[in-house]
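Participant: Sharing data-v6.cif here; it has mmCIF, C-alpha atoms.
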```
data_query
#
loop_
_atom_site.label_atom_id
_atom_site.label_comp_id
_atom_site.auth_asym_id
_atom_site.auth_seq_id
_atom_site.Cartn_x
_atom_site.Cartn_y
_atom_site.Cartn_z
CA MET A 378 99.58 -21.57 216.78
CA ASP A 379 101.32 -18.42 218.04
CA LYS A 380 99.52 -15.08 218.09
CA ASP A 381 101.65 -13.43 215.41
CA ARG A 382 100.87 -16.19 212.93
CA LEU A 383 97.22 -16.09 213.90
CA TYR A 384 97.05 -12.34 213.39
CA GLN A 385 98.67 -12.66 209.96
CA LEU A 386 96.14 -15.26 208.88
CA PHE A 387 93.18 -13.07 209.74
CA GLN A 388 94.59 -9.64 208.88
CA ASP A 389 92.93 -9.35 205.46
CA LYS A 390 90.08 -11.82 205.72
CA ASP A 391 86.55 -10.74 204.84
CA PHE A 392 84.65 -12.54 207.58
CA GLY A 393 83.00 -9.42 208.99
CA LYS A 394 84.35 -7.34 211.86
CA ILE A 395 87.64 -8.76 213.17
CA LEU A 396 89.11 -7.75 216.53
CA PHE A 397 92.48 -8.77 217.95
CA ASN A 398 93.35 -9.35 221.61
CA GLU A 399 89.74 -8.50 222.49
CA PRO A 400 88.79 -8.53 226.23
CA MET A 401 86.07 -11.10 226.76
CA LYS A 402 84.80 -9.21 229.80
CA GLU A 403 83.37 -6.73 227.29
CA HIS A 404 81.30 -9.50 225.69
CA THR A 405 79.93 -11.44 228.66
CA SER A 406 77.15 -10.59 231.11
CA PHE A 407 79.46 -11.65 233.97
CA LYS A 408 81.91 -8.87 232.95
CA ILE A 409 84.72 -11.35 233.50
CA GLY A 410 87.34 -12.81 231.20
CA GLY A 411 90.74 -12.21 229.63
CA PRO A 412 91.36 -11.47 225.95
CA ALA A 413 90.46 -13.61 222.96
CA ASP A 414 93.30 -13.79 220.46
CA VAL A 415 90.90 -13.11 217.60
CA MET A 416 87.21 -12.25 217.64
CA ILE A 417 85.12 -12.37 214.47
CA ILE A 418 81.67 -10.75 214.36
CA PRO A 419 80.10 -11.90 211.07
CA ASP A 420 77.04 -10.26 209.55
CA SER A 421 75.86 -12.90 207.08
CA GLU A 422 75.38 -16.64 206.84
CA GLY A 423 78.07 -16.84 204.19
CA ARG A 424 80.63 -15.13 206.41
CA ILE A 425 79.82 -17.41 209.34
CA VAL A 426 80.25 -20.48 207.15
CA GLU A 427 83.50 -19.24 205.63
CA ALA A 428 84.98 -18.26 209.00
CA VAL A 429 84.19 -21.65 210.55
CA LYS A 430 85.43 -23.48 207.46
CA PHE A 431 88.69 -21.48 207.47
CA CYS A 432 89.32 -22.32 211.12
CA ARG A 433 88.65 -26.01 210.55
CA GLU A 434 90.82 -26.25 207.45
CA ASN A 435 93.72 -24.48 209.17
CA ASN A 436 93.38 -26.43 212.42
CA ILE A 437 92.64 -23.25 214.38
CA LYS A 438 90.77 -23.66 217.65
CA TYR A 439 87.50 -21.71 217.57
CA PHE A 440 84.53 -21.08 219.82
CA ILE A 441 81.03 -20.03 218.79
CA MET A 442 79.27 -17.59 221.12
CA GLY A 443 76.08 -15.57 221.11
CA ASN A 444 75.46 -12.71 223.52
CA GLY A 445 77.70 -14.16 226.23
CA THR A 446 74.97 -14.40 228.85
CA ASN A 447 75.87 -17.82 230.24
CA LEU A 448 79.66 -17.73 229.86
CA LEU A 449 82.33 -17.64 232.52
CA VAL A 450 85.63 -16.96 230.77
CA LYS A 451 88.96 -17.69 232.42
CA ASP A 452 91.28 -14.82 233.31
CA GLY A 453 93.81 -16.05 230.77
CA GLY A 454 91.33 -15.44 227.98
CA ILE A 455 90.80 -17.61 224.92
CA ARG A 456 93.50 -18.86 222.59
CA GLY A 457 92.43 -19.06 219.00
CA VAL A 458 89.27 -17.56 217.54
CA VAL A 459 85.92 -16.53 218.99
CA ILE A 460 83.10 -16.23 216.44
CA LYS A 461 80.41 -14.02 217.94
CA ILE A 462 77.03 -14.45 216.26
CA ALA A 463 74.92 -11.62 217.60
CA ASN A 464 73.60 -8.22 216.53
CA GLY A 465 74.93 -8.29 212.97
CA PHE A 466 73.01 -11.47 212.16
CA ASN A 467 69.57 -10.95 213.64
CA ARG A 468 66.86 -10.79 210.96
CA ILE A 469 63.33 -11.87 211.92
CA ASP A 470 60.89 -12.94 209.17
CA ILE A 471 57.22 -13.54 209.94
CA ASP A 472 54.77 -15.36 207.66
CA GLY A 473 51.45 -15.93 209.36
CA ILE A 474 52.11 -18.03 212.45
CA ARG A 475 55.54 -19.16 211.25
CA VAL A 476 58.61 -17.18 212.24
CA VAL A 477 62.19 -17.56 211.02
CA CYS A 478 64.94 -15.95 213.11
CA GLN A 479 68.64 -15.71 212.37
CA SER A 480 70.67 -17.11 215.23
CA GLY A 481 72.02 -13.76 216.44
CA ALA A 482 68.57 -12.33 217.20
CA LEU A 483 68.01 -11.56 220.88
CA LEU A 484 65.16 -13.45 222.51
CA SER A 485 63.79 -10.21 223.97
CA THR A 486 63.77 -8.57 220.53
CA VAL A 487 61.99 -11.56 219.00
CA ALA A 488 59.40 -11.55 221.80
CA ASN A 489 58.63 -7.86 221.32
CA ARG A 490 58.32 -8.32 217.56
CA LEU A 491 55.92 -11.24 218.06
CA LEU A 492 53.89 -9.17 220.50
CA LYS A 493 53.31 -6.59 217.76
CA GLU A 494 52.02 -9.40 215.53
CA SER A 495 49.83 -10.81 218.35
CA LEU A 496 51.58 -14.18 218.15
CA THR A 497 51.57 -16.26 221.32
CA GLY A 498 53.78 -19.12 222.52
CA PHE A 499 57.07 -17.26 222.86
CA GLU A 500 56.26 -15.31 226.02
CA PHE A 501 58.26 -17.63 228.30
CA ALA A 502 61.45 -16.57 226.50
CA SER A 503 60.78 -12.83 226.58
CA GLY A 504 62.98 -12.22 229.60
CA ILE A 505 65.70 -14.78 228.93
CA PRO A 506 68.92 -12.99 228.05
CA GLY A 507 70.75 -14.33 225.04
CA THR A 508 70.25 -15.16 221.39
CA ILE A 509 68.22 -17.60 219.35
CA GLY A 510 71.35 -19.61 218.60
CA GLY A 511 72.26 -19.99 222.25
CA ALA A 512 68.67 -20.78 223.19
CA ILE A 513 68.43 -23.54 220.58
CA THR A 514 71.80 -24.97 221.61
CA MET A 515 70.84 -25.23 225.27
CA ASN A 516 67.07 -25.70 224.79
CA ALA A 517 66.53 -22.61 226.91
CA GLY A 518 63.43 -22.54 229.02
CA ALA A 519 61.62 -20.67 231.77
CA TYR A 520 58.23 -20.55 233.46
CA GLY A 521 57.00 -23.82 231.98
CA GLY A 522 58.15 -23.29 228.39
CA GLU A 523 61.15 -24.50 226.40
CA MET A 524 62.48 -23.95 222.89
CA LYS A 525 61.55 -27.51 221.94
CA ASP A 526 57.88 -26.63 222.45
CA ILE A 527 57.79 -24.16 219.56
CA VAL A 528 60.64 -25.11 217.18
CA LEU A 529 59.79 -26.52 213.76
CA LYS A 530 63.20 -26.58 212.09
CA VAL A 531 66.79 -25.57 212.73
CA ARG A 532 69.25 -24.53 210.03
CA ALA A 533 72.82 -25.36 210.98
CA LEU A 534 76.35 -25.95 209.74
CA ASP A 535 77.56 -29.47 210.41
CA GLN A 536 81.08 -30.81 210.96
CA ASN A 537 81.46 -31.49 207.23
CA ASN A 538 80.87 -27.79 206.42
CA LYS A 539 77.47 -28.60 204.98
CA ILE A 540 74.33 -26.64 205.78
CA VAL A 541 71.63 -28.95 207.07
CA GLU A 542 67.99 -28.47 208.02
CA LEU A 543 66.91 -30.42 211.07
CA THR A 544 63.39 -31.00 212.33
CA LYS A 545 62.47 -30.75 215.98
CA ASP A 546 62.62 -34.54 216.21
CA ASP A 547 66.14 -34.50 214.78
CA MET A 548 67.38 -32.09 217.43
CA ASP A 549 67.42 -34.37 220.50
CA PHE A 550 66.23 -31.53 222.71
CA ARG A 551 66.54 -32.20 226.44
CA TYR A 552 67.06 -30.26 229.65
CA ARG A 553 69.75 -27.69 228.79
CA GLY A 554 71.07 -29.65 225.84
CA SER A 555 70.54 -30.64 222.22
CA ARG A 556 72.14 -32.23 219.18
CA VAL A 557 73.99 -28.95 218.66
CA VAL A 558 76.06 -29.67 221.76
CA ASP A 559 76.56 -33.33 220.88
CA GLU A 560 77.82 -32.77 217.33
CA GLY A 561 79.38 -29.32 217.45
CA LEU A 562 76.84 -27.84 215.06
CA VAL A 563 76.70 -24.10 214.37
CA VAL A 564 73.14 -22.78 214.54
CA LEU A 565 72.36 -20.39 211.68
CA ALA A 566 68.60 -19.94 212.00
CA ALA A 567 65.49 -21.42 213.56
CA GLU A 568 61.89 -21.64 212.42
CA PHE A 569 59.11 -21.51 215.00
CA GLN A 570 55.40 -22.20 214.82
CA LEU A 571 53.28 -20.05 217.12
CA GLU A 572 49.58 -19.28 217.46
CA LYS A 573 47.46 -16.21 216.93
CA GLY A 574 46.55 -14.62 220.23
CA GLU A 575 45.23 -11.44 221.78
CA TYR A 576 47.70 -8.56 222.03
CA SER A 577 46.52 -7.53 225.49
CA LYS A 578 46.83 -11.04 226.94
CA ILE A 579 50.29 -11.58 225.45
CA GLU A 580 51.43 -8.20 226.76
CA GLU A 581 50.00 -8.95 230.21
CA ARG A 582 51.79 -12.31 230.33
CA MET A 583 55.10 -10.73 229.30
CA LYS A 584 54.74 -8.01 231.94
CA ASP A 585 53.95 -10.61 234.59
CA LEU A 586 57.02 -12.68 233.71
CA THR A 587 59.18 -9.55 233.67
CA HIS A 588 57.93 -8.65 237.15
CA GLN A 589 58.65 -12.15 238.44
CA ARG A 590 62.13 -12.01 236.99
CA THR A 591 63.04 -8.54 238.24
CA SER A 592 61.59 -9.09 241.71
CA LYS A 593 63.25 -12.44 242.31
CA GLN A 594 66.53 -12.36 240.37
CA PRO A 595 69.61 -10.21 241.10
CA LEU A 596 69.57 -8.36 237.78
CA GLU A 597 71.28 -5.37 239.40
CA PHE A 598 74.61 -7.28 239.37
CA PRO A 599 76.54 -8.88 236.51
CA SER A 600 76.10 -12.65 236.43
CA GLY A 601 75.86 -15.59 234.09
CA GLY A 602 72.24 -16.31 234.93
CA SER A 603 71.40 -19.38 236.99
CA THR A 604 74.76 -20.76 238.09
CA PHE A 605 73.66 -24.37 238.56
CA LYS A 606 71.35 -26.75 236.76
CA ARG A 607 68.25 -27.90 238.59
CA PRO A 608 69.03 -31.23 240.28
CA GLU A 609 66.31 -33.82 239.80
CA GLY A 610 63.87 -33.55 242.68
CA TYR A 611 65.40 -30.36 244.10
CA TYR A 612 65.91 -26.67 243.47
CA ALA A 613 69.52 -25.50 243.43
CA GLY A 614 68.75 -22.16 245.06
CA LYS A 615 66.91 -23.77 247.99
CA LEU A 616 69.68 -26.30 248.59
CA ILE A 617 72.25 -23.50 248.66
CA ASP A 618 70.10 -21.42 251.01
CA ASP A 619 69.39 -24.39 253.29
CA ALA A 620 73.13 -25.01 253.44
CA GLY A 621 73.54 -21.56 254.96
CA LEU A 622 75.36 -20.11 251.98
CA ARG A 623 73.20 -17.07 251.20
CA GLY A 624 75.53 -14.08 250.76
CA ILE A 625 78.78 -16.07 251.06
CA ARG A 626 81.65 -14.39 249.19
CA TYR A 627 85.00 -15.17 247.65
CA GLY A 628 86.66 -11.93 246.62
CA ASP A 629 84.06 -9.93 244.70
CA ALA A 630 82.05 -13.05 243.79
CA GLN A 631 79.00 -13.62 245.95
CA VAL A 632 76.09 -16.03 246.28
CA SER A 633 73.25 -13.58 245.72
CA GLU A 634 71.31 -12.57 248.80
CA LYS A 635 68.27 -12.08 246.56
CA HIS A 636 68.35 -15.51 244.89
CA CYS A 637 70.80 -18.17 246.03
CA GLY A 638 70.79 -19.85 242.62
CA PHE A 639 72.88 -16.98 241.25
CA ILE A 640 76.52 -16.14 241.82
CA VAL A 641 77.04 -12.46 241.06
CA ASN A 642 79.94 -10.13 240.37
CA THR A 643 79.68 -7.41 243.03
CA GLY A 644 82.58 -5.36 241.69
CA LYS A 645 85.76 -6.64 240.11
CA ALA A 646 85.37 -10.38 240.49
CA THR A 647 87.79 -12.56 238.57
CA PHE A 648 87.26 -16.00 237.11
CA HIS A 649 89.22 -17.38 240.06
CA ASP A 650 86.84 -15.72 242.52
CA VAL A 651 83.75 -17.17 240.86
CA TYR A 652 85.25 -20.60 240.30
CA MET A 653 86.41 -20.95 243.90
CA LEU A 654 82.95 -19.94 245.10
CA ILE A 655 81.31 -22.48 242.76
CA GLN A 656 83.54 -25.21 244.16
CA THR A 657 82.85 -24.15 247.74
CA VAL A 658 79.08 -24.23 247.16
CA GLN A 659 79.29 -27.61 245.45
CA LYS A 660 81.29 -29.14 248.29
CA ILE A 661 79.15 -27.83 251.13
CA VAL A 662 75.84 -28.74 249.45
CA HIS A 663 77.16 -32.21 248.63
CA ASP A 664 78.45 -32.73 252.17
CA LYS A 665 75.13 -31.64 253.71
CA PHE A 666 72.60 -33.10 251.30
CA GLY A 667 74.44 -35.61 249.10
CA VAL A 668 73.52 -33.65 245.96
CA LEU A 669 76.18 -32.62 243.45
CA LEU A 670 75.28 -29.33 241.81
CA GLU A 671 76.27 -29.20 238.15
CA PRO A 672 77.12 -25.77 236.67
CA GLU A 673 74.63 -24.44 234.15
CA ILE A 674 76.99 -21.66 233.10
CA LYS A 675 79.60 -22.63 230.51
CA ILE A 676 83.21 -22.30 231.63
CA ILE A 677 85.64 -21.63 228.79
CA GLY A 678 89.12 -20.28 228.19
CA ASP A 679 92.75 -20.89 229.01
CA ASP A 680 94.71 -20.62 232.24
#
```
For the file at hand, write its structure as structure tokens.

Facilitator:
Amino acid sequence: MDKDRLYQLFQDKDFGKILFNEPMKEHTSFKIGGPADVMIIPDSEGRIVEAVKFCRENNIKYFIMGNGTNLLVKDGGIRGVVIKIANGFNRIDIDGIRVVCQSGALLSTVANRLLKESLTGFEFASGIPGTIGGAITMNAGAYGGEMKDIVLKVRALDQNNKIVELTKDDMDFRYRGSRVVDEGLVVLAAEFQLEKGEYSKIEERMKDLTHQRTSKQPLEFPSGGSTFKRPEGYYAGKLIDDAGLRGIRYGDAQVSEKHCGFIVNTGKATFHDVYMLIQTVQKIVHDKFGVLLEPEIKIIGDD
């Protein structure tokens, strides 16, 4: 569908904030990516459902994103529609040890809110960038914890435009994957069960994890988080370092000198820069160690 027709279709729709020809580099932590034809930022469950339904019924290609913290968008941008579920859809409801979060809530915001309530079990996620929706989709985890450890239920829109409630057992959680990925579900909310804890201990744990993150990860540069998944029996960063690739560059993309598991944008890196560096790292590590590194970041867009 050409852009003019696409613009006409969305000109007067009430799906929330609608942006046209919106640069994706403004919506990703990598600060890379060409324009999306249309970006919708809905602020209610109803608007999310209606926007997705409209795209499906009109055969319009769409992509669901959260805070853009694990996305590498091509320089050509994204044809069709991007539905960004983030700040406008971020309510957090707490009832005892049960917590319901809309999918646009940031993990850091949720963690700080739970700290105030002295609820423990979510600390591992306190420093993970991104939203509840993205974390559920990819079963985000860090420092020994994963979403699957604390999720009770997930509310989602299925491919038949029906809202479904799925239990943890229904979700097929696994390392960096879930039923959401398999079936193209749209996460609307998640319910967690935590435990009562001591404020001081929860705060201390969060501070410790923050220190570990800031001291070991290259947070001073834009990136998409860990570039590669952890290969079974290995650590991606160590393999890359042992291959002699610490600090290697392609354009303004660089294997971080602080943590080799990250490729960072040192200035004005393009998708091409990062992608060529990913391929170079994959080839050299495979040639030296026989291990194929699989990207953890999600590559999207059009050439």

Participant: A:Asn444, A:Gln659, A:Thr544, A:Asn537: which is nearest Ile509 (chain A), counting only C-alpha atoms?

Facilitator: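 Using only C-alpha atoms, the shortest distance to Ile509 (chain A) belongs to A:Asn444.
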
Participant: What are the nearest atom pairs, with distances in Å to one decimal, for all residues of region 499-599 of chain A that come at most 9 Å from region 411-429 of chain A, using all atoms listed in the file, set out by chain and rising residue number as CSV?

Facilitator:
```
residue,atom,partner,partner_atom,distance
A:Leu534,CA,A:Val426,CA,7.2
A:Asn538,CA,A:Val426,CA,7.4
A:Lys539,CA,A:Val426,CA,8.9
A:Ile540,CA,A:Val426,CA,8.7
A:Val563,CA,A:Val429,CA,8.8
A:Leu565,CA,A:Glu422,CA,6.8
```

Participant: Translate the PyMOL selection byres ((chain A and resi 526) around 12) into a concrete residue list for this structure, as an MDAnalysis selection string.

Facilitator: chainID A and resid 498:502 513 516:519 521:525 527:530 545:546 550:551 568:571

Participant: I'd like to see the residues matched by the PyMOL selection byres ((chain A and resi 676) around 7) on this file, and ideally I'd get them as number ranges by chain.

Facilitator: A: 448-450, 674-675, 677

Participant: Given only C-alpha atoms as the basis, pick out the residue of A:Ala488, A:Ala567, A:Ile437, A:Ala533 nearest to Glu580 (chain A).

Facilitator: A:Ala488

Participant: Out of A:Ala630, A:Leu562, A:Met653, A:Val557, which residue has the shortest atom-to-atom distance to Thr514 (chain A) when counting only C-alpha atoms?

Facilitator: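 Of A:Ala630, A:Leu562, A:Met653, A:Val557, the one nearest Thr514 (chain A), counting only C-alpha atoms, is A:Val557.
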
Participant: Please report the interatomic distance between CA of Phe648 (chain A) and CA of Ile455 (chain A) in Å with one decimal.

Facilitator: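 Separation of CA of Phe648 (chain A) and CA of Ile455 (chain A): 12.8 Å.
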
Participant: Could you tell me which residues the PyMOL selection byres ((chain A and resi 588-597) around 12) grabs in this file, written as a ChimeraX atom specification?

Facilitator: /A:406-407,501-506,519-520,581-587,598-604,614,624,631-644

Participant: I'd like the interatomic distance between CA of Asp381 (chain A) and CA of Lys394 (chain A), to a tenth of an Å.

Facilitator: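 Those two atoms sit 18.7 Å apart.
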
Participant: Which neighbours of Glu572 (chain A) fall inside 12 Å, counting all atoms listed in the file, when residues of the same chain fewer than 4 positions from it are skipped, and could you give them as a PyMOL selection string?

Facilitator: chain A and resi 472-476+491-492+494-500+527+576+579

Participant: For each of A:Ala646, A:Val477, A:Ala512, A:Leu670, take the minimum atom-to-atom distance to Asn447 (chain A), counting all atoms listed in the file, then give the residue where this is smallest.

Facilitator: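 Looking at the shortest contact to Asn447 (chain A), the residue is A:Ala512.
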
Participant: Between CA of Lys645 (chain A) and CA of Glu399 (chain A), what is the distance, to one decimal in Å?

Facilitator: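 Here the two named atoms are 18.2 Å from each other.
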
Participant: Return the padded bounding box of region 582-587 of chain A as JSON: axis-aligned, built from all atoms listed in the file, 6 Å added on each side, with centre and edge lengths in Å to one decimal.

Facilitator:
```
{"center_x": 55.5, "center_y": -10.3, "center_z": 231.9, "size_x": 19.4, "size_y": 16.7, "size_z": 17.3}
```

Participant: Please provide as a PyMOL selection string all residues within 7 Å of region 649-652 of chain A, with the sequence filter that same-chain residues fewer than 5 positions apart are discarded (counting all atoms listed in the file).

Facilitator: chain A and resi 627-630

Participant: Would you save the residues from that selection as a PDB file, in the frame of the given file, using C-alpha atoms?

Facilitator:
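Contents of part_20.pdb, as written:
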```pdb
ATOM      1  CA  TYR A 627      85.000 -15.170 247.650  1.00  0.00           C
ATOM      2  CA  GLY A 628      86.660 -11.930 246.620  1.00  0.00           C
ATOM      3  CA  ASP A 629      84.060  -9.930 244.700  1.00  0.00           C
ATOM      4  CA  ALA A 630      82.050 -13.050 243.790  1.00  0.00           C
TER       5      ALA A 630
END
```
